[in-house]
Structure formats: C-alpha cells, structure tokens
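To start, the structure under review is shown below, and the notes come after it.
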Amino acid sequence: MSDVAQLREYALVHARSQGIGADVYGPVLDSIDNDVDGAEGSWALAWSRVAADAERRGELLDAVRLYNLARFPYVDGPVRQEAHARAVAAFDAWRQATTDIQSLELDLPGGRIRAWSAGLSATERRPLVILMGGIVSTKESHAPALTDADVLGVAAIATEIPGIGENGLAYGPESWRMLPDLLDAVADRADVTDTYALTLSFSGHLALRAAAADPRIRGVVTTGAPVHDFFTDADWLAQVPRITLDTLAHLTGAKVADLPHHLRGWAITDELLAGLGIPVAYAASLRDEIIPPGDVARLRRLLRRLEVLEKDDVHGSPRHVDEVRLWTVLTLLRFRGVTGPVVDGLTAALEAARTKEH
C-alpha cells in the first residue's frame, strides 16, 4: 500500500509520458482516496475499471497504458496482479492484430524472461537495440516503439529490469549480467557485436555497468540513471521519495531502513566509468528529486564521449516528454552514423517539440 498523494504525483509523470490526457487521468485521480487492495475508491481498482472500459471499446493500447497505471508502482496484491496480466494480454492482442512484434522467451542463467522483439532474423542479422524502463516500468510501456525497428534498420528487444513484469531474474548488484546473457541468447538472430541500449532510469545503471564489461554494447542512451552517488550517499537516499524507496525495497528484498547499506555495492566505480570508450548520452533533469546531481557530474568528469541533455524539470522530465523521446532516437541514429530522410524528419520533429514545449 502506497501513499495516495505520492501515487498521484508520480503517476502523472508516467501518464503524460504514455500520452494519457488530463481528460482521462483527471476524473480517475479525483475518484481515488485510498490504496487498499480491492476497496472502493482505491488506486488499482479505479484505474483497472477505466482500463477495462478502453479494452471493451477495442482501444487496446490505451487499455495497456491504463492497466500499467493500475499496477503502478509495483504488484503488491491481487488487483495489481490482475492489472498487470490484463496489460500483457491487451498488448499481446494489439501486436498480433496490427504489428510484426514477436513474443520472445529466453532461459538465461539467472532465470526465464519473456520480452517483445522485432526484426530478429537468422538470415538477416541486424544491429540490436535494447529498450528497457526503470523500476516502475513494464516492457509494455515502451514496446510500441518496436514498430519502428524496420524503418531504423535494426532488430530490437523490449524487456524489463529483473524482478519486474515477466522478467524472472532477481534484482541485485549483479543484475547487469542479464544484458550480456541476453546478447548471447540472441546472437544467432541479431548482430549483437553492434548493440545499443536505450534505457530509462535504473536500467541505465545496468546498461552502463554492462557496457563496462561487454564491448558488444557500442552505445548507451539513458534518462535519469543512478550511477554512483545515489547508491553511496545515505543523506541523499534519506530524502528520496518514499514511493521510490518502497519500490526498491520490494524489488531487492531489503527493508527500507537497510537500503543505504544494501545498495552501497551497486555503485559503478570510477575506474570502470573511466574505461568506457563508447558514446554515452544522458538526459538529465536539473530538479531531479531521485538522482543526485553528483551522478551526472561524475559522468562529465570521467566519460570520454558524453553528451548531456539538461532540462529544468523533475525526474523523468515530464514537461519535455516529446523532446526527450525524439532526442533519444536521433542520438541512437547519430551513434550509428545514420543519415538521410528519416534523420531529417526526426530533426524537424525535435525542433517543433522544443518550440512547443517552451
């Protein structure tokens, strides 16, 4: 059970990033007054009902987004569990009816994962892009982007941080090993020697750590990722929003009070960061209440090839969603040396987004 005020605050970021308008989320939020599983006026039940309405109307992607808000921030009871299951099912129905997105099930050394993929082929092995969200995001949140894989000339996989959704691995300080293991598992269907990671928040931490050990990862684009100080600065951790701490405790199995000690070993060392020769792009929020400013400063000091996009916003830059999303894709294409009409069109869209958001 989470604090309703914090649920409202942080769900707004995710609602806006998913394109859910105020005309939809406003009335739902107004109807919520508790987070007791199954109770009238409760968070998960209110969002599940509006999601089910969208599903009945055949608006499957809208239903996915709304069910994801119902399970937010993590599954802690039957209603959220059902919301997650229905989000996966609605996405599955949408992708089978309208896209070439495929279901991908892999047995990795740490456990079994189910992901969504596009463009994997044993006969035409393309560069690989991995899409992954943070500690409150399921793969269905960003998997619709897989429809662009063919236009971008890549194979792509949308997956989750260990412990979330259909990722059966445990979340711990060695979770970064999932990425090399994932590359090994699809090496016969993609050119994994040319892999790029588009990662949000805590998955950016996994990608940076994995890239330090695996040269097949040729570039990392991330947004609001913890790197070092988040894990080592107990004073900073003490003022991080409780909903984030509760989610980390749920995923790691540690008590909230023990997180400062438990997380210390997760920090990426200066030596590893300094050894990263690949391009890294980082979208930073200047008023980020979760990621300490020291983490971005450390990257500026140690990385050889770093590009930073700064926005005067809170974690996730909810007021600049379109700009950050377009910048992310353009940065990936720039890393790969892609030019032409697709890049020109995205560049024009990025400039339009910047004008609109300012």
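Letters A, B, ... go to the chains of the structure tokens in the order shown; residues in each chain start at 1; ligands are counted from 1 in the same order.
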Mind checking which residues fall within 12 Å of range 243-257 of chain A, counting only C-alpha atoms, ignoring those fewer than 5 positions away in the same chain, and posting them as JSON, numbers by chain?
-> {"A": [1, 2, 3, 4, 5, 6, 7, 8, 9, 10, 11, 72, 73, 74, 75, 76, 134, 135, 136, 137, 161, 162, 163, 164, 165, 167, 168, 169, 170, 171, 172, 173, 174, 175, 201, 202, 230, 231, 234, 236, 237, 238, 262, 263, 266, 289, 290, 291, 315]}
Contacts of range 99-114 of chain A at 12 Å or less, counting only C-alpha atoms, minus same-chain residues fewer than 6 places along, as a PyMOL selection string?
-> chain A and resi 88-89+91-93+120-121+138-140+143-150+155-172+174-186+189
Of the candidates A:Gln81, A:Ala197, A:Gly277, A:Val24, which shows the shortest atom-to-atom distance to Thr331 in chain A, using only C-alpha atoms?
-> A:Ala197
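With distances restricted to only C-alpha atoms, A:Ile130 is the closest residue to Val221 in chain A from A:Ala297, A:Ile130, A:Val154, A:Val192.
Of the listed residues A:Arg305, A:Arg16, A:Arg65, A:Arg325, the one whose atoms come nearest to Ile278 in chain A is A:Arg305, with distances taken using only C-alpha atoms.
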Gap from CA of Gln18 in chain A to CA of Ala352 in chain A - Å, one decimal = 19.1 Å
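The coordinates place CA of Thr199 in chain A at 5.8 Å from CA of Leu131 in chain A.
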From the list A:Leu206, A:Ala122, A:Met132, A:Ala90, which residue is nearest Asp191 in chain A when using only C-alpha atoms?
-> A:Ala122
